[in-house]
Structure formats: structure tokens, C-alpha cells
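work01.csv follows; it contains CSV, N, CA and C atoms.
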chain,number,residue,atom,x,y,z
A,1484,MET,N,21.3,9.5,-11.3
A,1484,MET,CA,22.6,9.9,-11.9
A,1484,MET,C,22.4,9.9,-13.4
A,1485,TYR,N,22.8,11.0,-14.0
A,1485,TYR,CA,22.7,11.2,-15.5
A,1485,TYR,C,24.1,10.8,-16.1
A,1486,ILE,N,24.0,9.9,-17.1
A,1486,ILE,CA,25.2,9.5,-17.8
A,1486,ILE,C,25.1,10.1,-19.2
A,1487,LYS,N,26.0,11.0,-19.5
A,1487,LYS,CA,26.0,11.7,-20.8
A,1487,LYS,C,26.8,10.9,-21.8
A,1488,PHE,N,26.2,10.7,-23.0
A,1488,PHE,CA,26.9,9.9,-24.1
A,1488,PHE,C,27.9,10.9,-24.8
A,1489,ASN,N,28.9,10.3,-25.3
A,1489,ASN,CA,29.9,11.1,-26.1
A,1489,ASN,C,29.3,11.6,-27.4
A,1490,ALA,N,28.3,10.9,-27.9
A,1490,ALA,CA,27.6,11.3,-29.2
A,1490,ALA,C,26.2,10.9,-29.0
A,1491,PRO,N,25.2,11.6,-29.7
A,1491,PRO,CA,23.8,11.2,-29.6
A,1491,PRO,C,23.7,9.7,-30.1
A,1492,PHE,N,22.7,9.0,-29.5
A,1492,PHE,CA,22.5,7.6,-29.7
A,1492,PHE,C,21.0,7.5,-30.2
A,1493,ASN,N,20.8,6.8,-31.3
A,1493,ASN,CA,19.4,6.6,-31.8
A,1493,ASN,C,18.9,5.3,-31.4
A,1494,PHE,N,17.8,5.2,-30.7
A,1494,PHE,CA,17.2,3.9,-30.4
A,1494,PHE,C,15.7,4.0,-30.7
A,1495,GLU,N,15.3,3.1,-31.6
A,1495,GLU,CA,13.9,3.0,-32.1
A,1495,GLU,C,13.3,4.4,-32.5
A,1496,GLY,N,14.2,5.1,-33.3
A,1496,GLY,CA,13.8,6.4,-33.9
A,1496,GLY,C,13.8,7.6,-33.0
A,1497,GLU,N,14.3,7.4,-31.8
A,1497,GLU,CA,14.4,8.5,-30.8
A,1497,GLU,C,15.9,8.7,-30.5
A,1498,GLU,N,16.3,10.0,-30.5
A,1498,GLU,CA,17.7,10.3,-30.2
A,1498,GLU,C,17.9,10.6,-28.7
A,1499,HIS,N,19.0,10.0,-28.2
A,1499,HIS,CA,19.3,10.2,-26.8
A,1499,HIS,C,20.7,10.7,-26.6
A,1500,ASP,N,20.8,11.8,-25.8
A,1500,ASP,CA,22.1,12.4,-25.5
A,1500,ASP,C,22.8,11.7,-24.3
A,1501,GLY,N,22.0,11.0,-23.5
A,1501,GLY,CA,22.4,10.3,-22.3
A,1501,GLY,C,21.3,9.5,-21.7
A,1502,VAL,N,21.5,9.0,-20.5
A,1502,VAL,CA,20.4,8.3,-19.8
A,1502,VAL,C,20.4,8.6,-18.3
A,1503,GLU,N,19.3,8.6,-17.8
A,1503,GLU,CA,19.1,8.9,-16.3
A,1503,GLU,C,18.9,7.5,-15.6
A,1504,LEU,N,19.8,7.2,-14.7
A,1504,LEU,CA,19.7,6.0,-13.9
A,1504,LEU,C,19.3,6.4,-12.5
A,1505,ASN,N,18.3,5.7,-12.0
A,1505,ASN,CA,17.8,5.9,-10.6
A,1505,ASN,C,18.2,4.7,-9.8
A,1506,LEU,N,19.5,4.5,-9.6
A,1506,LEU,CA,20.0,3.3,-8.9
A,1506,LEU,C,19.6,3.3,-7.4
A,1507,ASP,N,19.5,4.5,-6.8
A,1507,ASP,CA,19.1,4.6,-5.4
A,1507,ASP,C,17.7,4.2,-5.2
A,1508,GLY,N,16.9,4.3,-6.3
A,1508,GLY,CA,15.5,3.9,-6.2
A,1508,GLY,C,15.2,2.4,-6.3
A,1509,LEU,N,16.2,1.6,-6.6
A,1509,LEU,CA,16.0,0.2,-6.8
A,1509,LEU,C,15.9,-0.5,-5.4
A,1510,THR,N,15.2,-1.6,-5.4
A,1510,THR,CA,15.1,-2.4,-4.2
A,1510,THR,C,15.7,-3.8,-4.3
A,1511,GLY,N,15.8,-4.5,-3.3
A,1511,GLY,CA,16.3,-5.9,-3.3
A,1511,GLY,C,15.5,-6.7,-4.3
A,1512,ASN,N,14.2,-6.5,-4.4
A,1512,ASN,CA,13.4,-7.2,-5.4
A,1512,ASN,C,13.8,-6.9,-6.8
A,1513,ASP,N,14.2,-5.7,-7.1
A,1513,ASP,CA,14.7,-5.3,-8.5
A,1513,ASP,C,16.0,-6.1,-8.8
A,1514,ILE,N,16.9,-6.1,-7.8
A,1514,ILE,CA,18.2,-6.8,-8.0
A,1514,ILE,C,18.0,-8.3,-8.2
A,1515,GLU,N,17.1,-8.9,-7.5
A,1515,GLU,CA,16.8,-10.3,-7.7
A,1515,GLU,C,16.1,-10.5,-9.0
A,1516,LYS,N,15.3,-9.6,-9.5
A,1516,LYS,CA,14.7,-9.7,-10.8
A,1516,LYS,C,15.7,-9.7,-11.9
A,1517,ALA,N,16.7,-8.7,-11.8
A,1517,ALA,CA,17.8,-8.6,-12.7
A,1517,ALA,C,18.6,-9.9,-12.8
A,1518,GLN,N,18.9,-10.5,-11.7
A,1518,GLN,CA,19.6,-11.7,-11.6
A,1518,GLN,C,18.9,-12.8,-12.3
A,1519,THR,N,17.6,-13.0,-12.0
A,1519,THR,CA,16.8,-14.0,-12.6
A,1519,THR,C,16.7,-13.9,-14.1
A,1520,MET,N,16.6,-12.6,-14.5
A,1520,MET,CA,16.5,-12.4,-16.0
A,1520,MET,C,17.7,-12.8,-16.7
A,1521,ILE,N,18.9,-12.5,-16.2
A,1521,ILE,CA,20.1,-12.9,-16.9
A,1521,ILE,C,20.4,-14.4,-16.8
A,1522,LEU,N,19.9,-15.0,-15.7
A,1522,LEU,CA,20.1,-16.4,-15.5
A,1522,LEU,C,19.2,-17.1,-16.6
A,1523,MET,N,18.0,-16.6,-16.8
A,1523,MET,CA,17.1,-17.2,-17.8
A,1523,MET,C,17.6,-17.1,-19.2
A,1524,GLU,N,18.3,-16.0,-19.4
A,1524,GLU,CA,18.9,-15.8,-20.7
A,1524,GLU,C,20.3,-16.4,-20.9
A,1525,ARG,N,20.8,-17.0,-19.8
A,1525,ARG,CA,22.1,-17.7,-19.7
A,1525,ARG,C,23.2,-16.7,-20.2
A,1526,LYS,N,23.1,-15.5,-19.7
A,1526,LYS,CA,24.1,-14.5,-20.1
A,1526,LYS,C,25.1,-14.1,-19.0
A,1527,THR,N,25.2,-15.0,-18.0
A,1527,THR,CA,26.2,-14.7,-16.9
A,1527,THR,C,27.3,-15.7,-17.0
A,1528,GLY,N,28.5,-15.2,-16.8
A,1528,GLY,CA,29.7,-16.1,-16.8
A,1528,GLY,C,30.4,-16.0,-15.5
A,1529,SER,N,29.8,-15.4,-14.5
A,1529,SER,CA,30.4,-15.1,-13.2
A,1529,SER,C,29.5,-15.5,-12.1
A,1530,ASN,N,30.2,-16.0,-11.0
A,1530,ASN,CA,29.4,-16.4,-9.8
A,1530,ASN,C,29.0,-15.1,-9.0
A,1531,ILE,N,29.7,-14.0,-9.3
A,1531,ILE,CA,29.4,-12.7,-8.7
A,1531,ILE,C,28.7,-11.9,-9.8
A,1532,PRO,N,27.4,-11.7,-9.7
A,1532,PRO,CA,26.7,-11.0,-10.7
A,1532,PRO,C,27.2,-9.6,-11.0
A,1533,GLU,N,27.6,-8.9,-10.0
A,1533,GLU,CA,28.1,-7.5,-10.2
A,1533,GLU,C,29.3,-7.5,-11.2
A,1534,PHE,N,30.0,-8.6,-11.4
A,1534,PHE,CA,31.1,-8.6,-12.4
A,1534,PHE,C,30.6,-8.9,-13.8
A,1535,SER,N,29.3,-9.2,-14.0
A,1535,SER,CA,28.8,-9.5,-15.3
A,1535,SER,C,28.2,-8.2,-15.9
A,1536,LYS,N,28.7,-7.9,-17.1
A,1536,LYS,CA,28.2,-6.8,-17.9
A,1536,LYS,C,26.7,-7.0,-18.2
A,1537,ALA,N,26.3,-8.2,-18.5
A,1537,ALA,CA,24.8,-8.5,-18.8
A,1537,ALA,C,24.0,-8.1,-17.6
A,1538,TYR,N,24.4,-8.5,-16.4
A,1538,TYR,CA,23.7,-8.2,-15.1
A,1538,TYR,C,23.6,-6.7,-14.9
A,1539,CYS,N,24.8,-6.0,-15.1
A,1539,CYS,CA,24.8,-4.6,-14.9
A,1539,CYS,C,23.9,-3.8,-15.9
A,1540,ALA,N,23.9,-4.3,-17.1
A,1540,ALA,CA,23.0,-3.7,-18.1
A,1540,ALA,C,21.5,-3.9,-17.7
A,1541,GLN,N,21.2,-5.1,-17.2
A,1541,GLN,CA,19.8,-5.4,-16.7
A,1541,GLN,C,19.5,-4.5,-15.5
A,1542,VAL,N,20.4,-4.3,-14.6
A,1542,VAL,CA,20.1,-3.4,-13.5
A,1542,VAL,C,19.9,-1.9,-14.0
A,1543,ALA,N,20.8,-1.5,-15.0
A,1543,ALA,CA,20.6,-0.2,-15.6
A,1543,ALA,C,19.2,-0.1,-16.2
A,1544,ALA,N,18.8,-1.1,-16.9
A,1544,ALA,CA,17.5,-1.1,-17.5
A,1544,ALA,C,16.4,-0.9,-16.5
A,1545,LEU,N,16.4,-1.6,-15.4
A,1545,LEU,CA,15.4,-1.5,-14.4
A,1545,LEU,C,15.4,-0.1,-13.8
A,1546,SER,N,16.6,0.4,-13.6
A,1546,SER,CA,16.7,1.7,-12.9
A,1546,SER,C,16.3,2.9,-13.8
A,1547,ALA,N,16.5,2.7,-15.1
A,1547,ALA,CA,16.1,3.7,-16.1
A,1547,ALA,C,14.7,3.5,-16.6
A,1548,LYS,N,14.1,2.4,-16.3
A,1548,LYS,CA,12.8,2.0,-16.8
A,1548,LYS,C,12.8,2.0,-18.3
A,1549,LYS,N,13.8,1.4,-18.9
A,1549,LYS,CA,14.0,1.2,-20.3
A,1549,LYS,C,14.2,-0.3,-20.6
A,1550,PRO,N,13.9,-0.7,-21.8
A,1550,PRO,CA,14.2,-2.1,-22.1
A,1550,PRO,C,15.7,-2.3,-22.1
A,1551,VAL,N,16.1,-3.5,-21.7
A,1551,VAL,CA,17.6,-3.8,-21.7
A,1551,VAL,C,18.2,-3.7,-23.1
A,1552,GLU,N,17.4,-3.9,-24.1
A,1552,GLU,CA,17.8,-3.8,-25.5
A,1552,GLU,C,18.4,-2.3,-25.8
A,1553,PHE,N,17.9,-1.4,-25.1
A,1553,PHE,CA,18.4,0.0,-25.2
A,1553,PHE,C,19.9,0.0,-24.9
A,1554,PHE,N,20.2,-0.6,-23.8
A,1554,PHE,CA,21.6,-0.6,-23.3
A,1554,PHE,C,22.5,-1.5,-24.2
A,1555,ARG,N,21.9,-2.7,-24.6
A,1555,ARG,CA,22.7,-3.6,-25.4
A,1555,ARG,C,23.0,-3.0,-26.8
A,1556,SER,N,22.2,-2.0,-27.2
A,1556,SER,CA,22.4,-1.4,-28.5
A,1556,SER,C,23.3,-0.2,-28.5
A,1557,LEU,N,23.7,0.2,-27.3
A,1557,LEU,CA,24.7,1.3,-27.2
A,1557,LEU,C,26.0,1.0,-27.9
A,1558,PRO,N,26.7,2.0,-28.4
A,1558,PRO,CA,28.1,1.8,-28.8
A,1558,PRO,C,28.9,1.2,-27.6
A,1559,VAL,N,29.9,0.5,-27.9
A,1559,VAL,CA,30.7,-0.2,-26.9
A,1559,VAL,C,31.2,0.7,-25.8
A,1560,ARG,N,31.7,1.9,-26.1
A,1560,ARG,CA,32.2,2.8,-25.1
A,1560,ARG,C,31.1,3.3,-24.2
A,1561,GLU,N,29.9,3.5,-24.7
A,1561,GLU,CA,28.8,4.0,-23.9
A,1561,GLU,C,28.3,2.8,-23.0
A,1562,TYR,N,28.2,1.6,-23.6
A,1562,TYR,CA,27.8,0.4,-22.9
A,1562,TYR,C,28.7,0.2,-21.7
A,1563,THR,N,30.0,0.3,-22.0
A,1563,THR,CA,31.0,0.1,-20.9
A,1563,THR,C,30.8,1.1,-19.8
A,1564,LYS,N,30.7,2.4,-20.3
A,1564,LYS,CA,30.5,3.5,-19.3
A,1564,LYS,C,29.3,3.2,-18.4
A,1565,VAL,N,28.2,2.9,-18.9
A,1565,VAL,CA,27.0,2.6,-18.1
A,1565,VAL,C,27.2,1.4,-17.2
A,1566,THR,N,27.7,0.3,-17.7
A,1566,THR,CA,27.8,-0.9,-16.9
A,1566,THR,C,28.8,-0.7,-15.8
A,1567,LEU,N,29.9,0.0,-16.1
A,1567,LEU,CA,30.9,0.3,-15.0
A,1567,LEU,C,30.3,1.2,-13.9
A,1568,GLU,N,29.5,2.2,-14.3
A,1568,GLU,CA,28.8,3.0,-13.3
A,1568,GLU,C,27.9,2.2,-12.4
A,1569,VAL,N,27.1,1.3,-13.0
A,1569,VAL,CA,26.3,0.4,-12.2
A,1569,VAL,C,27.1,-0.5,-11.3
A,1570,GLN,N,28.2,-1.1,-11.9
A,1570,GLN,CA,29.1,-2.0,-11.1
A,1570,GLN,C,29.7,-1.2,-9.9
A,1571,ASN,N,30.2,0.0,-10.2
A,1571,ASN,CA,30.8,0.8,-9.1
A,1571,ASN,C,29.7,1.2,-8.0
A,1572,PHE,N,28.5,1.5,-8.4
A,1572,PHE,CA,27.5,1.8,-7.5
A,1572,PHE,C,27.2,0.6,-6.6
A,1573,LEU,N,27.0,-0.6,-7.2
A,1573,LEU,CA,26.7,-1.8,-6.4
A,1573,LEU,C,27.9,-2.2,-5.5
A,1574,LEU,N,29.1,-2.2,-6.0
A,1574,LEU,CA,30.2,-2.6,-5.2
A,1574,LEU,C,30.6,-1.6,-4.2
A,1575,ASP,N,30.3,-0.3,-4.4
A,1575,ASP,CA,30.6,0.7,-3.4
A,1575,ASP,C,29.8,0.4,-2.1
A,1576,GLY,N,28.6,0.0,-2.2
A,1576,GLY,CA,27.8,-0.4,-1.0
A,1576,GLY,C,28.3,-1.6,-0.3
A,1577,ALA,N,28.8,-2.6,-1.1
A,1577,ALA,CA,29.4,-3.8,-0.6
A,1577,ALA,C,30.7,-3.5,0.2
A,1578,SER,N,31.4,-2.5,-0.2
A,1578,SER,CA,32.7,-2.3,0.4
A,1578,SER,C,32.5,-1.8,1.8
A,1579,GLU,N,31.3,-1.3,2.2
A,1579,GLU,CA,31.0,-0.8,3.5
A,1579,GLU,C,30.7,-1.9,4.5
A,1580,VAL,N,30.4,-3.1,4.0
A,1580,VAL,CA,30.0,-4.3,4.8
A,1580,VAL,C,31.2,-4.6,5.6
A,1581,GLY,N,31.0,-4.7,6.9
A,1581,GLY,CA,32.1,-5.2,7.8
A,1581,GLY,C,33.1,-4.0,8.2
A,1582,SER,N,32.8,-2.8,7.7
A,1582,SER,CA,33.7,-1.7,8.1
A,1582,SER,C,33.3,-1.3,9.5
A,1583,THR,N,34.3,-0.8,10.2
A,1583,THR,CA,34.0,-0.2,11.5
A,1583,THR,C,33.9,1.3,11.5
A,1584,GLN,N,33.1,1.8,12.2
A,1584,GLN,CA,32.9,3.3,12.2
A,1584,GLN,C,33.0,3.9,13.6
As C-alpha cells, how would this structure be written, given the file I've shared?
Amino acid sequence: MYIKFNAPFNFEGEEHDGVELNLDGLTGNDIEKAQTMILMERKTGSNIPEFSKAYCAQVAALSAKKPVEFFRSLPVREYTKVTLEVQNFLLDGASEVGSTQ
């Protein structure tokens, strides 16, 4: 999924118009790694990691193969856009648990 930014964003001397997230390419190991990383940084305030922007930013970083600092440096509207996309992706799969078909 490509997330287009409202305005170009400069990170480490390189301009970015958006970011490609490969959330479908992540594994359970990636999700556990993201959770471990934010716990080590003490950046979570929620018992449900999907509700933590820090966790969602870490998941975005893993899916985009970019440093988490890229996402943390985004303007607030872009950061929120990215983290909400990740949250929606993660919670959409959870909403199917227990559903009958």
C-alpha cells in the first residue's frame, strides 16, 4: 500500500512524496519484534499494542524497511495518517476472529 504525503518530506537529505508499506508481507515474527522494540524503548502506554502510535510506527518501519526515525520525523498529519493505516490494517484482521461465515 502506498501512502502519499500531502507535501514532500525530506529525511536525511532525500525527498519523499510518500511511503510504500508492505503490511501483507509481515510475519508474526515481525509483529513480535515490533512489540519487543517498543517495550525496550518504554514507548507504549497501552496493553493493546495496536492502539499505540509508537507500535504502529514500528510496524510501519518494518513493513517499509526504513528506520523508525523516518516515521517519527514525519509531520504530525503524515505520522497520524501512516499509523492509522497500520492500525486499521491490524485491527481489520482481528475483527474477523470469531465471525461466522
- Task: List the neighbours of range 1552-1558 of chain A out to 10 Å using only C-alpha atoms; skip same-chain residues closer than 6 positions along the sequence, and give me the result as a list of chain:residue names.
- Result: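 These residues fall inside the cut-off: A:Phe1488, A:Asn1489, A:Ala1490, A:Phe1492, A:Asn1493, A:Phe1494, A:Glu1495, A:Val1502, A:Lys1536, A:Ala1537, A:Cys1539, A:Ala1540, A:Gln1541, A:Ala1543, A:Ala1544, A:Lys1564, A:Val1565, A:Thr1566.
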- Got a sec: who's within 7 Å of Asn1505 in chain A, counting all atoms listed in the file, leaving out chain neighbours fewer than 2 positions off, as a list in words?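 Everything that qualifies: Met1484, Glu1503, Asp1507, Gly1508, Leu1509, Leu1545, Ser1546, Ala1547 and Lys1548 of chain A.
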- Message: So that I can check the secondary structure, give me every residue of range 1487-1566 of chain A assigned strand (DSSP E) by backbone DSSP, as a VMD selection string.
- Response: chain A and resid 1487 to 1494 1497 to 1503
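Minimum atom-to-atom distances from A:Leu1504, A:His1499, A:Val1569, A:Val1542 to Ile1486 in chain A were compared using only N, CA and C atoms, and the lowest value belongs to A:Leu1504.
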- Kindly give the distance, in Å, that separates atom C of Glu1533 in chain A and CA of Phe1572 in chain A, rounded to a single decimal.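 Value for the atom C of Glu1533 in chain A-CA of Phe1572 in chain A distance: 10.2 Å.
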